[in-house]
$ cat start30.txt   # compact mmCIF, N, CA and C atoms
# COMPACT_ATOMS: atom_id res chain seq x y z
N MET E 29 -13.54 -13.73 5.75
CA MET E 29 -12.60 -13.10 4.85
C MET E 29 -11.21 -13.67 5.13
N THR E 30 -10.53 -14.04 4.09
CA THR E 30 -9.20 -14.61 4.23
C THR E 30 -8.16 -13.49 4.33
N PRO E 31 -7.00 -13.80 4.89
CA PRO E 31 -5.95 -12.78 4.98
C PRO E 31 -5.49 -12.28 3.60
N ARG E 32 -5.41 -13.19 2.64
CA ARG E 32 -4.98 -12.77 1.29
C ARG E 32 -5.99 -11.83 0.65
N LEU E 33 -7.27 -12.11 0.84
CA LEU E 33 -8.29 -11.23 0.28
C LEU E 33 -8.23 -9.85 0.93
N LEU E 34 -8.06 -9.80 2.24
CA LEU E 34 -7.95 -8.52 2.93
C LEU E 34 -6.71 -7.76 2.46
N ALA E 35 -5.60 -8.47 2.26
CA ALA E 35 -4.38 -7.82 1.78
C ALA E 35 -4.59 -7.28 0.36
N LEU E 36 -5.23 -8.07 -0.50
CA LEU E 36 -5.49 -7.61 -1.87
C LEU E 36 -6.43 -6.40 -1.89
N LEU E 37 -7.45 -6.42 -1.05
CA LEU E 37 -8.37 -5.28 -0.98
C LEU E 37 -7.66 -4.03 -0.45
N SER E 38 -6.78 -4.20 0.51
CA SER E 38 -6.03 -3.06 1.04
C SER E 38 -5.09 -2.50 -0.02
N TRP E 39 -4.45 -3.37 -0.76
CA TRP E 39 -3.55 -2.95 -1.85
C TRP E 39 -4.35 -2.18 -2.90
N ALA E 40 -5.47 -2.73 -3.33
CA ALA E 40 -6.31 -2.04 -4.31
C ALA E 40 -6.83 -0.72 -3.75
N GLY E 41 -7.16 -0.70 -2.46
CA GLY E 41 -7.61 0.53 -1.83
C GLY E 41 -6.54 1.60 -1.83
N LEU E 42 -5.29 1.21 -1.60
CA LEU E 42 -4.20 2.18 -1.64
C LEU E 42 -4.01 2.75 -3.04
N VAL E 43 -4.08 1.89 -4.04
CA VAL E 43 -3.95 2.37 -5.43
C VAL E 43 -5.08 3.34 -5.75
N LEU E 44 -6.30 2.96 -5.44
CA LEU E 44 -7.46 3.82 -5.72
C LEU E 44 -7.38 5.13 -4.92
N LEU E 45 -6.99 5.04 -3.67
CA LEU E 45 -6.87 6.24 -2.83
C LEU E 45 -5.89 7.24 -3.44
N HIS E 46 -4.73 6.76 -3.87
CA HIS E 46 -3.74 7.69 -4.42
C HIS E 46 -4.15 8.22 -5.79
N LEU E 47 -4.85 7.43 -6.56
CA LEU E 47 -5.38 7.95 -7.83
C LEU E 47 -6.36 9.10 -7.57
N LEU E 48 -7.24 8.91 -6.61
CA LEU E 48 -8.21 9.95 -6.28
C LEU E 48 -7.56 11.14 -5.58
N TRP E 49 -6.67 10.86 -4.64
CA TRP E 49 -6.03 11.90 -3.84
C TRP E 49 -5.23 12.86 -4.72
N HIS E 50 -4.28 12.33 -5.47
CA HIS E 50 -3.37 13.18 -6.23
C HIS E 50 -3.89 13.52 -7.62
N GLY E 51 -4.91 12.82 -8.06
CA GLY E 51 -5.45 13.11 -9.37
C GLY E 51 -6.68 14.01 -9.36
N TRP E 52 -7.45 13.95 -8.25
CA TRP E 52 -8.72 14.67 -8.29
C TRP E 52 -9.04 15.42 -7.00
N LEU E 53 -9.03 14.76 -5.86
CA LEU E 53 -9.52 15.36 -4.61
C LEU E 53 -8.59 16.44 -4.05
N ALA E 54 -7.30 16.19 -4.02
CA ALA E 54 -6.35 17.16 -3.47
C ALA E 54 -5.06 17.14 -4.27
N PRO E 55 -5.11 17.59 -5.53
CA PRO E 55 -3.89 17.58 -6.34
C PRO E 55 -2.86 18.53 -5.75
N PRO E 56 -1.59 18.32 -6.07
CA PRO E 56 -0.56 19.19 -5.52
C PRO E 56 -0.76 20.64 -5.97
N LEU E 57 -0.54 21.56 -5.06
CA LEU E 57 -0.74 22.98 -5.35
C LEU E 57 0.40 23.56 -6.18
N ASN E 58 1.59 23.06 -5.99
CA ASN E 58 2.75 23.66 -6.65
C ASN E 58 3.51 22.66 -7.53
N GLY E 59 2.84 21.71 -8.07
CA GLY E 59 3.52 20.70 -8.88
C GLY E 59 2.59 20.08 -9.91
N SER E 60 3.08 19.09 -10.53
CA SER E 60 2.36 18.42 -11.60
C SER E 60 1.55 17.24 -11.06
N ARG E 61 0.33 17.11 -11.52
CA ARG E 61 -0.48 15.95 -11.14
C ARG E 61 0.14 14.66 -11.64
N ALA E 62 0.64 14.70 -12.87
CA ALA E 62 1.22 13.49 -13.46
C ALA E 62 2.42 13.02 -12.66
N LEU E 63 3.27 13.94 -12.22
CA LEU E 63 4.43 13.57 -11.43
C LEU E 63 4.00 13.01 -10.07
N ALA E 64 3.01 13.64 -9.44
CA ALA E 64 2.53 13.15 -8.15
C ALA E 64 1.94 11.74 -8.30
N LEU E 65 1.18 11.51 -9.36
CA LEU E 65 0.61 10.19 -9.58
C LEU E 65 1.70 9.16 -9.88
N ALA E 66 2.70 9.55 -10.64
CA ALA E 66 3.78 8.61 -10.96
C ALA E 66 4.56 8.22 -9.71
N LEU E 67 4.76 9.18 -8.81
CA LEU E 67 5.54 8.91 -7.61
C LEU E 67 4.76 8.16 -6.54
N THR E 68 3.43 8.27 -6.56
CA THR E 68 2.65 7.60 -5.52
C THR E 68 2.00 6.31 -6.00
N VAL E 69 1.52 6.28 -7.22
CA VAL E 69 0.84 5.08 -7.73
C VAL E 69 1.85 4.12 -8.37
N GLY E 70 2.88 4.67 -8.98
CA GLY E 70 3.88 3.83 -9.66
C GLY E 70 4.46 2.72 -8.79
N PRO E 71 4.98 3.05 -7.60
CA PRO E 71 5.53 2.00 -6.76
C PRO E 71 4.51 0.94 -6.33
N LEU E 72 3.24 1.33 -6.21
CA LEU E 72 2.21 0.36 -5.83
C LEU E 72 1.90 -0.62 -6.95
N LEU E 73 2.26 -0.25 -8.18
CA LEU E 73 2.02 -1.15 -9.31
C LEU E 73 3.20 -2.09 -9.58
N LEU E 74 4.36 -1.78 -9.02
CA LEU E 74 5.53 -2.63 -9.23
C LEU E 74 5.34 -4.07 -8.77
N PRO E 75 4.67 -4.33 -7.64
CA PRO E 75 4.48 -5.74 -7.23
C PRO E 75 3.68 -6.57 -8.23
N LEU E 76 3.02 -5.93 -9.18
CA LEU E 76 2.33 -6.71 -10.22
C LEU E 76 3.33 -7.55 -11.01
N LEU E 77 4.57 -7.06 -11.11
CA LEU E 77 5.60 -7.83 -11.81
C LEU E 77 5.95 -9.11 -11.05
N ALA E 78 5.78 -9.09 -9.73
CA ALA E 78 6.11 -10.26 -8.92
C ALA E 78 5.01 -11.31 -8.95
N LEU E 79 3.87 -11.00 -9.54
CA LEU E 79 2.78 -11.98 -9.62
C LEU E 79 3.17 -13.20 -10.44
N ARG E 80 4.15 -13.04 -11.32
CA ARG E 80 4.62 -14.20 -12.10
C ARG E 80 5.16 -15.29 -11.19
N ARG E 81 5.73 -14.89 -10.07
CA ARG E 81 6.33 -15.85 -9.13
C ARG E 81 5.37 -16.27 -8.03
N GLY E 82 4.16 -15.72 -8.06
CA GLY E 82 3.16 -16.12 -7.08
C GLY E 82 2.60 -14.93 -6.32
N LEU E 83 1.39 -15.13 -5.84
CA LEU E 83 0.70 -14.07 -5.11
C LEU E 83 1.41 -13.76 -3.79
N ALA E 84 1.96 -14.75 -3.15
CA ALA E 84 2.63 -14.53 -1.86
C ALA E 84 3.82 -13.58 -2.02
N ARG E 85 4.57 -13.74 -3.10
CA ARG E 85 5.72 -12.86 -3.33
C ARG E 85 5.26 -11.43 -3.60
N ALA E 86 4.21 -11.27 -4.39
CA ALA E 86 3.69 -9.92 -4.67
C ALA E 86 3.20 -9.27 -3.38
N LEU E 87 2.51 -10.03 -2.54
CA LEU E 87 2.02 -9.47 -1.29
C LEU E 87 3.16 -9.13 -0.33
N LEU E 88 4.25 -9.88 -0.39
CA LEU E 88 5.42 -9.54 0.40
C LEU E 88 5.94 -8.16 0.02
N TRP E 89 6.05 -7.90 -1.28
CA TRP E 89 6.53 -6.60 -1.74
C TRP E 89 5.54 -5.49 -1.41
N VAL E 90 4.26 -5.78 -1.50
CA VAL E 90 3.27 -4.78 -1.12
C VAL E 90 3.38 -4.46 0.36
N GLY E 91 3.63 -5.47 1.17
CA GLY E 91 3.80 -5.24 2.60
C GLY E 91 4.99 -4.37 2.91
N ILE E 92 6.09 -4.58 2.20
CA ILE E 92 7.27 -3.74 2.39
C ILE E 92 6.97 -2.32 1.96
N LEU E 93 6.33 -2.16 0.82
CA LEU E 93 5.95 -0.81 0.37
C LEU E 93 4.96 -0.15 1.31
N GLY E 94 4.10 -0.97 1.92
CA GLY E 94 3.09 -0.42 2.83
C GLY E 94 3.69 0.33 4.00
N LEU E 95 4.89 -0.06 4.41
CA LEU E 95 5.55 0.66 5.50
C LEU E 95 5.89 2.09 5.10
N PHE E 96 6.32 2.28 3.87
CA PHE E 96 6.62 3.63 3.38
C PHE E 96 5.34 4.46 3.24
N TYR E 97 4.26 3.83 2.78
CA TYR E 97 3.00 4.55 2.64
C TYR E 97 2.41 4.88 4.01
N PHE E 98 2.65 4.04 5.00
CA PHE E 98 2.22 4.35 6.36
C PHE E 98 2.94 5.61 6.85
N CYS E 99 4.24 5.67 6.62
CA CYS E 99 5.01 6.86 7.02
C CYS E 99 4.52 8.10 6.27
N HIS E 100 4.22 7.94 4.98
CA HIS E 100 3.68 9.06 4.21
C HIS E 100 2.36 9.53 4.80
N GLY E 101 1.51 8.60 5.18
CA GLY E 101 0.22 8.97 5.76
C GLY E 101 0.38 9.72 7.07
N ILE E 102 1.33 9.29 7.91
CA ILE E 102 1.57 9.98 9.17
C ILE E 102 2.04 11.41 8.92
N VAL E 103 2.99 11.57 8.01
CA VAL E 103 3.52 12.90 7.71
C VAL E 103 2.44 13.78 7.10
N ALA E 104 1.66 13.24 6.18
CA ALA E 104 0.60 14.03 5.55
C ALA E 104 -0.49 14.40 6.54
N ALA E 105 -0.84 13.50 7.44
CA ALA E 105 -1.87 13.82 8.44
C ALA E 105 -1.38 14.90 9.40
N TRP E 106 -0.11 14.88 9.68
CA TRP E 106 0.46 15.85 10.61
C TRP E 106 0.67 17.22 9.96
N GLY E 107 1.13 17.23 8.71
CA GLY E 107 1.56 18.48 8.11
C GLY E 107 0.67 19.07 7.03
N GLU E 108 -0.33 18.34 6.57
CA GLU E 108 -1.20 18.83 5.50
C GLU E 108 -2.65 18.83 5.95
N PRO E 109 -3.12 19.92 6.53
CA PRO E 109 -4.50 19.92 7.02
C PRO E 109 -5.53 19.69 5.91
N ARG E 110 -5.20 20.11 4.70
CA ARG E 110 -6.11 19.97 3.56
C ARG E 110 -6.35 18.50 3.20
N ALA E 111 -5.36 17.66 3.47
CA ALA E 111 -5.45 16.25 3.08
C ALA E 111 -5.47 15.32 4.29
N ARG E 112 -5.82 15.83 5.44
CA ARG E 112 -5.75 15.03 6.67
C ARG E 112 -6.68 13.81 6.59
N GLY E 113 -7.88 13.97 6.10
CA GLY E 113 -8.82 12.85 6.00
C GLY E 113 -8.30 11.76 5.08
N LEU E 114 -7.74 12.16 3.94
CA LEU E 114 -7.18 11.18 3.00
C LEU E 114 -5.99 10.47 3.61
N ALA E 115 -5.18 11.21 4.36
CA ALA E 115 -4.02 10.61 5.01
C ALA E 115 -4.44 9.59 6.07
N LEU E 116 -5.51 9.90 6.79
CA LEU E 116 -6.00 8.95 7.80
C LEU E 116 -6.52 7.67 7.14
N VAL E 117 -7.16 7.81 5.99
CA VAL E 117 -7.61 6.62 5.24
C VAL E 117 -6.40 5.81 4.80
N GLU E 118 -5.33 6.49 4.37
CA GLU E 118 -4.11 5.79 3.97
C GLU E 118 -3.51 5.02 5.15
N ILE E 119 -3.51 5.63 6.32
CA ILE E 119 -2.98 4.97 7.51
C ILE E 119 -3.80 3.72 7.83
N VAL E 120 -5.11 3.82 7.77
CA VAL E 120 -5.97 2.68 8.06
C VAL E 120 -5.75 1.54 7.05
N LEU E 121 -5.62 1.89 5.77
CA LEU E 121 -5.37 0.87 4.76
C LEU E 121 -4.03 0.18 4.98
N CYS E 122 -3.01 0.94 5.35
CA CYS E 122 -1.70 0.34 5.62
C CYS E 122 -1.74 -0.56 6.85
N LEU E 123 -2.47 -0.15 7.86
CA LEU E 123 -2.60 -0.99 9.05
C LEU E 123 -3.36 -2.28 8.73
N ALA E 124 -4.40 -2.16 7.90
CA ALA E 124 -5.16 -3.36 7.49
C ALA E 124 -4.27 -4.29 6.67
N LEU E 125 -3.46 -3.72 5.80
CA LEU E 125 -2.54 -4.52 4.98
C LEU E 125 -1.54 -5.26 5.86
N THR E 126 -0.93 -4.55 6.79
CA THR E 126 0.05 -5.17 7.69
C THR E 126 -0.60 -6.24 8.57
N ALA E 127 -1.79 -5.96 9.07
CA ALA E 127 -2.50 -6.94 9.90
C ALA E 127 -2.84 -8.18 9.09
N ALA E 128 -3.28 -7.99 7.85
CA ALA E 128 -3.63 -9.14 7.01
C ALA E 128 -2.41 -9.99 6.70
N LEU E 129 -1.30 -9.35 6.41
CA LEU E 129 -0.09 -10.12 6.11
C LEU E 129 0.44 -10.84 7.35
N GLY E 130 0.34 -10.19 8.50
CA GLY E 130 0.73 -10.86 9.74
C GLY E 130 -0.19 -12.01 10.07
N TRP E 131 -1.48 -11.82 9.85
CA TRP E 131 -2.47 -12.86 10.09
C TRP E 131 -2.20 -14.06 9.18
N GLY E 132 -1.88 -13.78 7.93
CA GLY E 132 -1.62 -14.86 6.99
C GLY E 132 -0.33 -15.60 7.28
N ALA E 133 0.66 -14.90 7.82
CA ALA E 133 1.96 -15.53 8.10
C ALA E 133 1.98 -16.25 9.43
N ARG E 134 0.96 -16.09 10.23
CA ARG E 134 0.93 -16.67 11.57
C ARG E 134 1.02 -18.19 11.54
N GLY E 135 0.39 -18.83 10.59
CA GLY E 135 0.41 -20.29 10.53
C GLY E 135 1.45 -20.84 9.57
N TYR E 136 2.32 -19.96 9.05
CA TYR E 136 3.31 -20.39 8.07
C TYR E 136 4.42 -21.17 8.72
N LYS E 137 4.75 -22.32 8.12
CA LYS E 137 5.89 -23.13 8.60
C LYS E 137 6.73 -23.50 7.41
N ARG E 138 8.03 -23.33 7.57
CA ARG E 138 8.95 -23.70 6.49
C ARG E 138 9.05 -25.21 6.37
N LYS E 139 9.24 -25.64 5.16
CA LYS E 139 9.47 -27.06 4.93
C LYS E 139 10.91 -27.39 5.36
N PRO E 140 11.11 -28.49 6.03
CA PRO E 140 12.48 -28.84 6.45
C PRO E 140 13.35 -29.15 5.22
N ARG E 141 14.60 -28.75 5.32
CA ARG E 141 15.55 -29.03 4.23
C ARG E 141 15.94 -30.50 4.27
N THR E 142 16.10 -31.06 3.10
CA THR E 142 16.49 -32.48 3.05
C THR E 142 17.90 -32.64 2.59

$ encode --input "start30.txt" --output "structure tokens"
Amino acid sequence: MTPRLLALLSWAGLVLLHLLWHGWLAPPLNGSRALALALTVGPLLLPLLALRRGLARALLWVGILGLFYFCHGIVAAWGEPRARGLALVEIVLCLALTAALGWGARGYKRKPRT
């Protein structure tokens, strides 16, 4: 498995997880499902706009967003017993995403300026 494929699968997993989490498995008790989905899935879809400039740029943005989703997973696992399992899955996906991006960047070398 290549690092890019693992990163893409982790990104897709995060999108699917939040669709299921806030749309069906554990919707918010005191709020709107649509608002919860917009706030959690919306930012994960923004890097699709960066695909015009290349997959590497889109994955860079996903990696930056992944840090916020990792923090969300930690807070949800700590403070929401009802969604603890989903939060742990989110943490694992974020760790896989970060590991894949680090793995892919390990052999990266900049071209010298001329």

$ residues_around --input "start30.txt" --residues "Ser38 in chain E" --least-positions-apart "4" --cutoff "6 Å" --atoms "only N, CA and C atoms" --output "PDB file with N, CA and C atoms, in the coordinates of the input"
ATOM      1  N   LEU E  33      -7.270 -12.110   0.840  1.00  0.00           N
ATOM      2  CA  LEU E  33      -8.290 -11.230   0.280  1.00  0.00           C
ATOM      3  C   LEU E  33      -8.230  -9.850   0.930  1.00  0.00           C
ATOM      4  N   LEU E  34      -8.060  -9.800   2.240  1.00  0.00           N
ATOM      5  CA  LEU E  34      -7.950  -8.520   2.930  1.00  0.00           C
ATOM      6  C   LEU E  34      -6.710  -7.760   2.460  1.00  0.00           C
ATOM      7  N   LEU E  42      -5.290   1.210  -1.600  1.00  0.00           N
ATOM      8  CA  LEU E  42      -4.200   2.180  -1.640  1.00  0.00           C
ATOM      9  C   LEU E  42      -4.010   2.750  -3.040  1.00  0.00           C
ATOM     10  N   LEU E 121      -5.620   1.890   5.770  1.00  0.00           N
ATOM     11  CA  LEU E 121      -5.370   0.870   4.760  1.00  0.00           C
ATOM     12  C   LEU E 121      -4.030   0.180   4.980  1.00  0.00           C
ATOM     13  N   LEU E 125      -3.460  -3.720   5.800  1.00  0.00           N
ATOM     14  CA  LEU E 125      -2.540  -4.520   4.980  1.00  0.00           C
ATOM     15  C   LEU E 125      -1.540  -5.260   5.860  1.00  0.00           C
TER      16      LEU E 125
END

$ residues_around --input "start30.txt" --residues "range 52-58 of chain E" --least-positions-apart "2" --cutoff "12 Å" --atoms "only C-alpha atoms" --output "PyMOL selection string"
chain E and resi 44-50+60-65+68+104+108-115

$ atom_distance --input "start30.txt" --atom1 "atom C of Cys122 in chain E" --atom2 "atom N of Arg134 in chain E"
16.1 Å

$ atom_distance --input "start30.txt" --atom1 "atom C of Gly51 in chain E" --atom2 "CA of Gly70 in chain E"
14.7 Å

$ closest_residue --input "start30.txt" --among "E:Leu67, E:Val43, E:Leu129, E:Ala124" --to "Trp89 in chain E" --atoms "only C-alpha atoms"
E:Leu129

$ closest_residue --input "start30.txt" --among "E:Gly82, E:Gly107, E:Gly101, E:Gly132" --to "Val120 in chain E" --atoms "only N, CA and C atoms"
E:Gly101

$ atom_distance --input "start30.txt" --atom1 "atom C of Tyr97 in chain E" --atom2 "atom N of Ala66 in chain E"
15.4 Å

$ residues_around --input "start30.txt" --residues "Ala35 in chain E" --least-positions-apart "4" --cutoff "9 Å" --atoms "only C-alpha atoms" --output "ChimeraX atom specification"
/E:30-31,39-40,87,90-91,124-129

$ write_last_selection --input "start30.txt" --atoms "N, CA and C atoms" --output "short mmCIF file (atom, residue, chain, number, x, y, z; two decimals), in the frame of the given file"
data_model
loop_
_atom_site.label_atom_id
_atom_site.label_comp_id
_atom_site.auth_asym_id
_atom_site.auth_seq_id
_atom_site.Cartn_x
_atom_site.Cartn_y
_atom_site.Cartn_z
N THR E 30 -10.53 -14.04 4.09
CA THR E 30 -9.20 -14.61 4.23
C THR E 30 -8.16 -13.49 4.33
N PRO E 31 -7.00 -13.80 4.89
CA PRO E 31 -5.95 -12.78 4.98
C PRO E 31 -5.49 -12.28 3.60
N TRP E 39 -4.45 -3.37 -0.76
CA TRP E 39 -3.55 -2.95 -1.85
C TRP E 39 -4.35 -2.18 -2.90
N ALA E 40 -5.47 -2.73 -3.33
CA ALA E 40 -6.31 -2.04 -4.31
C ALA E 40 -6.83 -0.72 -3.75
N LEU E 87 2.51 -10.03 -2.54
CA LEU E 87 2.02 -9.47 -1.29
C LEU E 87 3.16 -9.13 -0.33
N VAL E 90 4.26 -5.78 -1.50
CA VAL E 90 3.27 -4.78 -1.12
C VAL E 90 3.38 -4.46 0.36
N GLY E 91 3.63 -5.47 1.17
CA GLY E 91 3.80 -5.24 2.60
C GLY E 91 4.99 -4.37 2.91
N ALA E 124 -4.40 -2.16 7.90
CA ALA E 124 -5.16 -3.36 7.49
C ALA E 124 -4.27 -4.29 6.67
N LEU E 125 -3.46 -3.72 5.80
CA LEU E 125 -2.54 -4.52 4.98
C LEU E 125 -1.54 -5.26 5.86
N THR E 126 -0.93 -4.55 6.79
CA THR E 126 0.05 -5.17 7.69
C THR E 126 -0.60 -6.24 8.57
N ALA E 127 -1.79 -5.96 9.07
CA ALA E 127 -2.50 -6.94 9.90
C ALA E 127 -2.84 -8.18 9.09
N ALA E 128 -3.28 -7.99 7.85
CA ALA E 128 -3.63 -9.14 7.01
C ALA E 128 -2.41 -9.99 6.70
N LEU E 129 -1.30 -9.35 6.41
CA LEU E 129 -0.09 -10.12 6.11
C LEU E 129 0.44 -10.84 7.35
#

$ select_by_dssp --input "start30.txt" --residues "chain E" --states "alpha helix (DSSP H)" --output "number ranges by chain"
E: 31-48, 61-73, 83-107, 112-133

$ axis_aligned_box --input "start30.txt" --around "range 76-79 of chain E" --padding-each-side "4 Å" --output "lines of an AutoDock Vina configuration file"
center_x = 4.2
center_y = -9.6
center_z = -10.4
size_x = 11.8
size_y = 15.3
size_z = 10.9

$ decode --input "start30.txt" --residues "range 71-84 of chain E" --atoms "N, CA and C atoms" --output "tab-separated table (two decimals), in the first residue's frame"
chain	number	residue	atom	x	y	z
E	71	PRO	N	-15.82	20.89	6.16
E	71	PRO	CA	-14.39	21.16	6.05
E	71	PRO	C	-13.60	20.02	5.41
E	72	LEU	N	-14.06	18.78	5.57
E	72	LEU	CA	-13.36	17.65	4.96
E	72	LEU	C	-13.52	17.62	3.44
E	73	LEU	N	-14.54	18.31	2.94
E	73	LEU	CA	-14.76	18.35	1.49
E	73	LEU	C	-14.03	19.53	0.83
E	74	LEU	N	-13.60	20.50	1.61
E	74	LEU	CA	-12.90	21.66	1.05
E	74	LEU	C	-11.62	21.29	0.29
E	75	PRO	N	-10.82	20.33	0.75
E	75	PRO	CA	-9.61	19.99	-0.03
E	75	PRO	C	-9.90	19.46	-1.43
E	76	LEU	N	-11.14	19.11	-1.71
E	76	LEU	CA	-11.47	18.70	-3.08
E	76	LEU	C	-11.21	19.84	-4.06
E	77	LEU	N	-11.35	21.08	-3.57
E	77	LEU	CA	-11.06	22.23	-4.43
E	77	LEU	C	-9.58	22.31	-4.79
E	78	ALA	N	-8.72	21.79	-3.91
E	78	ALA	CA	-7.28	21.84	-4.16
E	78	ALA	C	-6.83	20.75	-5.12
E	79	LEU	N	-7.70	19.83	-5.47
E	79	LEU	CA	-7.32	18.77	-6.42
E	79	LEU	C	-6.96	19.32	-7.79
E	80	ARG	N	-7.45	20.51	-8.10
E	80	ARG	CA	-7.09	21.13	-9.39
E	80	ARG	C	-5.59	21.36	-9.48
E	81	ARG	N	-4.97	21.62	-8.34
E	81	ARG	CA	-3.52	21.91	-8.31
E	81	ARG	C	-2.69	20.66	-8.03
E	82	GLY	N	-3.36	19.53	-7.85
E	82	GLY	CA	-2.63	18.29	-7.64
E	82	GLY	C	-3.05	17.59	-6.36
E	83	LEU	N	-2.86	16.28	-6.38
E	83	LEU	CA	-3.23	15.47	-5.23
E	83	LEU	C	-2.39	15.80	-4.01
E	84	ALA	N	-1.13	16.12	-4.20
E	84	ALA	CA	-0.25	16.42	-3.07
E	84	ALA	C	-0.75	17.64	-2.30
